[in-house]
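> Got a structure for you, questions after.
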Amino acid sequence: MTQGEIWVLGATGRVGRAVAAQLLAAGAVPVLVGRDAPRLRGTAADLGLHADARIVVAAGADAMAAEITRQRPAVVVNTIGDYAAGAVPLARACLPGGHYLDQANDPTAFHRLFALHDEAVAAGSTLVTGAGFGVAGTEAIVARLCANRPVPSRVRVDAFASVAVEEGVLGVALATSIVDGFAMGGRRYEGGRLVRTRLGGEVHRLTLPDGARVSAVAVPSGELVAAHRVSGARSVSATSGLVPESPAVRAVLPLLSAILRVRAVRTFAIGRMSRIRARTAPRPRPHTWGHAVVTWPDGTVREGWLRTGDAMDFTSAVAAQTALQLRAGKGRPGAHTPAAALGPEIAVAAGADFVDDAVPRS
């Protein structure tokens, strides 16, 4: 390994810069990786790194994988997006002995990375996907509620992100995630199997612990897969507060999903969306919330909440803390989600706290 180095792929993007800043704040000096040397140097200067700080210039995921194989960093943090297509080669390049993590929130990307589990175990490497909100922000609650208890029969998780908007274009990574999420259509677990459902067909209206009223709509997400894996429940659903719950919007979601599955339409939509320029705006609520309701066969129901600040800040903190703990040898070999690899305490290390997570609901 290269002196315990932590590489941040896509270091000039918003998430990459934030992860690098979190690592620096924790006393670790990251290696910035990207395709543009001047931009990498500019980011290094903005972060307060020395002028001779190490950077790695690589034009795309294949070139990055080749450099990982050659230089052997201890941990690779992948923030470049399109995880369903690019995560596996990058993760495999970390083997043997190196560790990998990303911020994927896509069931397809999750299952492809999980397919490397046996290889990672044999290689002594830990691969973590979903290192951000809301995977870590909901999975951690489920892990705590289920600790030292029998396997539940049913789980539902809800994610309510509150994010400050940074001026600039949306970018290809985020646009791809949004488009592919809608294109997948509705999903949930029934009888232990991932089954297709009507996109937007499930809506829940809740009162947050701070008194705010919110709505959440069922969407396919990494939260769904993580909650299933960490709980073992045969019935699992996941919702997001980012999808409008109006009947008009929900009525067109199945048609939109079908259209976006056409390759040419998908490519066009990602291209157009990635160029959308956002204006600076504060986060809409003081807190970001994760929520879970767990039901056992005997009728016991337990409910928990996780509270943090800006969801993007939490995402970067989860990634940084995961990287630091993997470098310290605390991860379980294999392919996992954050709480499965490092325990629900990873959310606390990233700045969240649990609210009423041990109080029986009935």
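For the structure tokens, the naming scheme is as follows: chains receive sequential letters (A, B, ...) according to their order of presentation, residues are indexed from 1 within each chain, and ligands are indexed from 1 in presentation order.
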Tell me, which residues of stretch 86-169 of chain A carry DSSP strand (DSSP E or B), written as an MDAnalysis selection string?
chainID A and resid 99:102 126:128 154:160 165 168:169
> Any chance you could export the current selection's N, CA and C atoms as a short mmCIF file (atom, residue, chain, number, x, y, z; two decimals), in the first residue's frame?

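part-v2.cif written:
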data_model
loop_
_atom_site.label_atom_id
_atom_site.label_comp_id
_atom_site.auth_asym_id
_atom_site.auth_seq_id
_atom_site.Cartn_x
_atom_site.Cartn_y
_atom_site.Cartn_z
N HIS A 99 -9.07 -0.87 0.14
CA HIS A 99 -10.49 -0.72 0.46
C HIS A 99 -11.12 0.33 -0.45
N TYR A 100 -12.43 0.22 -0.62
CA TYR A 100 -13.16 1.05 -1.58
C TYR A 100 -14.48 1.49 -0.97
N LEU A 101 -14.91 2.72 -1.31
CA LEU A 101 -16.25 3.16 -0.94
C LEU A 101 -16.77 4.16 -1.96
N ASP A 102 -18.11 4.22 -2.06
CA ASP A 102 -18.75 5.19 -2.95
C ASP A 102 -20.05 5.69 -2.34
N THR A 126 -12.36 -4.44 2.13
CA THR A 126 -13.73 -4.04 2.43
C THR A 126 -14.21 -3.07 1.36
N LEU A 127 -15.35 -3.38 0.77
CA LEU A 127 -15.97 -2.55 -0.25
C LEU A 127 -17.29 -2.03 0.32
N VAL A 128 -17.46 -0.71 0.35
CA VAL A 128 -18.65 -0.11 0.95
C VAL A 128 -19.36 0.73 -0.10
N ARG A 154 -41.31 -6.94 8.86
CA ARG A 154 -41.54 -5.82 7.95
C ARG A 154 -40.74 -4.61 8.40
N VAL A 155 -40.20 -3.88 7.40
CA VAL A 155 -39.43 -2.66 7.66
C VAL A 155 -39.84 -1.60 6.64
N ARG A 156 -39.97 -0.37 7.11
CA ARG A 156 -40.11 0.76 6.19
C ARG A 156 -39.13 1.84 6.61
N VAL A 157 -38.43 2.42 5.62
CA VAL A 157 -37.53 3.53 5.90
C VAL A 157 -37.95 4.74 5.07
N ASP A 158 -37.75 5.93 5.64
CA ASP A 158 -38.12 7.18 4.98
C ASP A 158 -36.95 8.16 5.13
N ALA A 159 -36.59 8.83 4.04
CA ALA A 159 -35.47 9.77 4.05
C ALA A 159 -35.98 11.17 3.73
N PHE A 160 -35.64 12.14 4.59
CA PHE A 160 -36.07 13.52 4.40
C PHE A 160 -34.82 14.41 4.40
N VAL A 165 -28.46 24.53 -1.59
CA VAL A 165 -28.10 24.45 -3.01
C VAL A 165 -26.88 25.32 -3.27
N GLY A 168 -24.20 26.48 -9.49
CA GLY A 168 -23.43 25.73 -10.47
C GLY A 168 -24.31 24.74 -11.19
N VAL A 169 -23.73 24.03 -12.17
CA VAL A 169 -24.51 23.07 -12.94
C VAL A 169 -24.73 21.81 -12.12
#
> Taking 4 positions as the minimum chain separation for residues in the same chain, which residues sit within 12 Å of A:Ser237 when counting only C-alpha atoms? Answer as a PyMOL selection string.
chain A and resi 138+153-159+186-190+192-197+200-204+216-228+233+291-294
> Have a look at A:Ala20, A:Ala317, A:Ala328, A:Ile80 and name the one nearest to A:Ala131; count only C-alpha atoms.
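Smallest distance to A:Ala131 is found for A:Ala317.
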> Between A:Thr295, A:Val77, A:Arg92, A:Leu113, which residue has the minimum interatomic distance to A:Ser235, considering only C-alpha atoms?
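Comparing A:Thr295, A:Val77, A:Arg92, A:Leu113 against A:Ser235, the winner is A:Thr295.
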> Which residues of stretch 273-315 of chain A come within 12 Å of stretch 261-268 of chain A, and what is each one's closest atom pair and distance in Å (one decimal), counting only C-alpha atoms, sorted by chain and residue number, as CSV?

residue,atom,partner,partner_atom,distance
A:Met273,CA,A:Phe268,CA,8.5
A:Ser274,CA,A:Phe268,CA,10.0
A:Arg275,CA,A:Phe268,CA,11.2
> With all heavy atoms retained, export the selected residues as a CSV table (one decimal), in the first residue's frame.

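Once written, again.csv looks like this:
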chain,number,residue,atom,x,y,z
A,273,MET,N,-30.3,17.5,-18.3
A,273,MET,CA,-30.3,17.7,-16.9
A,273,MET,C,-29.0,18.1,-16.3
A,273,MET,O,-28.9,19.0,-15.4
A,273,MET,CB,-30.9,16.5,-16.2
A,273,MET,CG,-31.1,16.7,-14.7
A,273,MET,SD,-31.9,15.2,-13.9
A,273,MET,CE,-33.5,15.3,-14.6
A,274,SER,N,-27.9,17.5,-16.8
A,274,SER,CA,-26.6,17.8,-16.2
A,274,SER,C,-26.2,19.2,-16.4
A,274,SER,O,-25.3,19.8,-15.7
A,274,SER,CB,-25.5,16.9,-16.9
A,274,SER,OG,-25.4,17.2,-18.2
A,275,ARG,N,-26.8,19.9,-17.4
A,275,ARG,CA,-26.4,21.3,-17.7
A,275,ARG,C,-27.3,22.3,-17.0
A,275,ARG,O,-27.1,23.5,-17.1
A,275,ARG,CB,-26.5,21.6,-19.2
A,275,ARG,CG,-25.4,20.8,-20.0
A,275,ARG,CD,-25.3,21.2,-21.4
A,275,ARG,NE,-26.5,20.9,-22.2
A,275,ARG,CZ,-26.7,19.8,-22.8
A,275,ARG,NH1,-25.7,18.8,-22.8
A,275,ARG,NH2,-27.7,19.6,-23.5
> Using only C-alpha atoms, which protein or nucleic acid residues come within 9 Å of A:Met312? Drop anything in the same chain fewer than 4 positions from it, and give the result as JSON, numbers by chain.
{"A": [15, 18, 132, 133, 161, 162, 163, 164, 316, 317]}
> Give me the residues within 12 Å of A:Gly42 as a ChimeraX atom specification, counting only C-alpha atoms and dropping any in the same chain fewer than 4 places off.
/A:11-13,17,32,34,36-38,46-51,53,55
> Can you list, as an mmCIF file with all heavy atoms, in the first residue's frame, all residues belonging to stretch 291-326 of chain A that DSSP tags as helix (DSSP H, G or I)?

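See states_5.cif below for the written result:
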data_model
loop_
_atom_site.group_PDB
_atom_site.id
_atom_site.type_symbol
_atom_site.label_atom_id
_atom_site.label_comp_id
_atom_site.auth_asym_id
_atom_site.auth_seq_id
_atom_site.Cartn_x
_atom_site.Cartn_y
_atom_site.Cartn_z
ATOM 1 N N ALA A 311 -27.867 17.532 4.400
ATOM 2 C CA ALA A 311 -27.689 16.156 3.938
ATOM 3 C C ALA A 311 -26.401 15.979 3.151
ATOM 4 O O ALA A 311 -25.766 14.914 3.220
ATOM 5 C CB ALA A 311 -28.887 15.732 3.093
ATOM 6 N N MET A 312 -25.989 17.001 2.401
ATOM 7 C CA MET A 312 -24.747 16.889 1.642
ATOM 8 C C MET A 312 -23.537 16.895 2.573
ATOM 9 O O MET A 312 -22.563 16.161 2.356
ATOM 10 C CB MET A 312 -24.640 18.014 0.625
ATOM 11 C CG MET A 312 -23.525 17.835 -0.382
ATOM 12 S SD MET A 312 -23.749 16.377 -1.432
ATOM 13 C CE MET A 312 -25.060 16.963 -2.516
ATOM 14 N N ASP A 313 -23.590 17.705 3.628
ATOM 15 C CA ASP A 313 -22.504 17.695 4.610
ATOM 16 C C ASP A 313 -22.411 16.329 5.290
ATOM 17 O O ASP A 313 -21.314 15.819 5.532
ATOM 18 C CB ASP A 313 -22.731 18.775 5.668
ATOM 19 C CG ASP A 313 -22.594 20.183 5.114
ATOM 20 O OD1 ASP A 313 -22.015 20.338 4.026
ATOM 21 O OD2 ASP A 313 -23.076 21.126 5.778
ATOM 22 N N PHE A 314 -23.567 15.752 5.598
ATOM 23 C CA PHE A 314 -23.576 14.426 6.221
ATOM 24 C C PHE A 314 -23.010 13.379 5.270
ATOM 25 O O PHE A 314 -22.241 12.501 5.678
ATOM 26 C CB PHE A 314 -25.009 14.059 6.632
ATOM 27 C CG PHE A 314 -25.126 12.719 7.299
ATOM 28 C CD1 PHE A 314 -24.680 12.518 8.592
ATOM 29 C CD2 PHE A 314 -25.698 11.644 6.633
ATOM 30 C CE1 PHE A 314 -24.792 11.281 9.222
ATOM 31 C CE2 PHE A 314 -25.824 10.399 7.243
ATOM 32 C CZ PHE A 314 -25.371 10.221 8.540
ATOM 33 N N THR A 315 -23.367 13.477 3.998
ATOM 34 C CA THR A 315 -22.838 12.536 3.004
ATOM 35 C C THR A 315 -21.322 12.575 2.967
ATOM 36 O O THR A 315 -20.651 11.529 2.991
ATOM 37 C CB THR A 315 -23.421 12.862 1.616
ATOM 38 O OG1 THR A 315 -24.806 12.512 1.596
ATOM 39 C CG2 THR A 315 -22.705 12.096 0.508
ATOM 40 N N SER A 316 -20.753 13.773 2.903
ATOM 41 C CA SER A 316 -19.292 13.873 2.848
ATOM 42 C C SER A 316 -18.658 13.385 4.145
ATOM 43 O O SER A 316 -17.584 12.761 4.128
ATOM 44 C CB SER A 316 -18.861 15.312 2.540
ATOM 45 O OG SER A 316 -19.322 16.210 3.530
ATOM 46 N N ALA A 317 -19.335 13.627 5.284
ATOM 47 C CA ALA A 317 -18.793 13.174 6.558
ATOM 48 C C ALA A 317 -18.843 11.652 6.670
ATOM 49 O O ALA A 317 -17.907 11.028 7.188
ATOM 50 C CB ALA A 317 -19.569 13.811 7.709
ATOM 51 N N VAL A 318 -19.931 11.027 6.190
ATOM 52 C CA VAL A 318 -20.005 9.565 6.195
ATOM 53 C C VAL A 318 -18.878 8.980 5.359
ATOM 54 O O VAL A 318 -18.201 8.024 5.765
ATOM 55 C CB VAL A 318 -21.374 9.079 5.670
ATOM 56 C CG1 VAL A 318 -21.350 7.569 5.420
ATOM 57 C CG2 VAL A 318 -22.476 9.423 6.652
ATOM 58 N N ALA A 319 -18.657 9.544 4.170
ATOM 59 C CA ALA A 319 -17.591 9.044 3.303
ATOM 60 C C ALA A 319 -16.227 9.186 3.964
ATOM 61 O O ALA A 319 -15.406 8.253 3.952
ATOM 62 C CB ALA A 319 -17.624 9.771 1.964
ATOM 63 N N ALA A 320 -15.966 10.362 4.561
ATOM 64 C CA ALA A 320 -14.669 10.588 5.193
ATOM 65 C C ALA A 320 -14.461 9.667 6.391
ATOM 66 O O ALA A 320 -13.392 9.065 6.550
ATOM 67 C CB ALA A 320 -14.550 12.051 5.616
ATOM 68 N N GLN A 321 -15.484 9.544 7.230
ATOM 69 C CA GLN A 321 -15.345 8.683 8.406
ATOM 70 C C GLN A 321 -15.203 7.215 8.012
ATOM 71 O O GLN A 321 -14.444 6.467 8.635
ATOM 72 C CB GLN A 321 -16.543 8.877 9.333
ATOM 73 C CG GLN A 321 -16.573 10.208 10.047
ATOM 74 C CD GLN A 321 -15.384 10.389 10.979
ATOM 75 O OE1 GLN A 321 -14.944 9.449 11.646
ATOM 76 N NE2 GLN A 321 -14.842 11.591 11.013
ATOM 77 N N THR A 322 -15.934 6.803 6.973
ATOM 78 C CA THR A 322 -15.793 5.432 6.487
ATOM 79 C C THR A 322 -14.372 5.186 5.997
ATOM 80 O O THR A 322 -13.756 4.150 6.315
ATOM 81 C CB THR A 322 -16.802 5.157 5.363
ATOM 82 O OG1 THR A 322 -18.137 5.314 5.864
ATOM 83 C CG2 THR A 322 -16.648 3.752 4.803
ATOM 84 N N ALA A 323 -13.828 6.137 5.233
ATOM 85 C CA ALA A 323 -12.463 5.988 4.725
ATOM 86 C C ALA A 323 -11.456 5.886 5.864
ATOM 87 O O ALA A 323 -10.546 5.036 5.838
ATOM 88 C CB ALA A 323 -12.124 7.168 3.815
ATOM 89 N N LEU A 324 -11.606 6.735 6.862
ATOM 90 C CA LEU A 324 -10.667 6.724 7.982
ATOM 91 C C LEU A 324 -10.742 5.411 8.757
ATOM 92 O O LEU A 324 -9.716 4.849 9.157
ATOM 93 C CB LEU A 324 -10.961 7.906 8.911
ATOM 94 C CG LEU A 324 -10.654 9.288 8.330
ATOM 95 C CD1 LEU A 324 -11.263 10.377 9.201
ATOM 96 C CD2 LEU A 324 -9.141 9.495 8.193
ATOM 97 N N GLN A 325 -11.962 4.908 8.967
ATOM 98 C CA GLN A 325 -12.100 3.660 9.706
ATOM 99 C C GLN A 325 -11.614 2.465 8.902
ATOM 100 O O GLN A 325 -11.028 1.536 9.458
ATOM 101 C CB GLN A 325 -13.550 3.487 10.160
ATOM 102 C CG GLN A 325 -13.975 4.525 11.194
ATOM 103 C CD GLN A 325 -15.263 4.180 11.891
ATOM 104 O OE1 GLN A 325 -15.624 3.016 12.036
ATOM 105 N NE2 GLN A 325 -15.969 5.204 12.370
ATOM 106 N N LEU A 326 -11.818 2.490 7.595
ATOM 107 C CA LEU A 326 -11.287 1.408 6.763
ATOM 108 C C LEU A 326 -9.759 1.415 6.784
ATOM 109 O O LEU A 326 -9.121 0.360 6.874
ATOM 110 C CB LEU A 326 -11.809 1.527 5.334
ATOM 111 C CG LEU A 326 -13.306 1.287 5.128
ATOM 112 C CD1 LEU A 326 -13.661 1.402 3.657
ATOM 113 C CD2 LEU A 326 -13.729 -0.076 5.667
#
> Quick check, in Å to one decimal: how far apart do atom CA of A:Ala339 and atom CA of A:Val179 lie?
26.8 Å
> Excluding stretch 141-143 of chain A and its own-chain neighbours fewer than 5 positions away, which residues fall within 7 Å of it when counting only C-alpha atoms? Please give them as a ChimeraX atom specification.
/A:227,230-231,292,304-306,344
> Nearest residue to A:Glu139 out of A:Thr288, A:Ala238, A:Arg327, A:Trp296, using only C-alpha atoms?
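Of A:Thr288, A:Ala238, A:Arg327, A:Trp296, the one nearest A:Glu139, counting only C-alpha atoms, is A:Ala238.
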> Kindly indicate which residue among A:Val172, A:Val57, A:Cys146, A:Leu342 lies nearest to A:Gly81, using only C-alpha atoms for the distances.
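Nearest candidate to A:Gly81 out of A:Val172, A:Val57, A:Cys146, A:Leu342: A:Val172.
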> Kindly give the distance, in Å, that separates atom CA of A:Asn78 and atom CA of A:Thr239, rounded to a single decimal.
25.2 Å
> Residues within 9 Å of A:Ser215, please, as an MDAnalysis selection string. Count only C-alpha atoms; anything in the same chain fewer than 6 positions from it doesn't count.
chainID A and resid 160 203:207 240:245
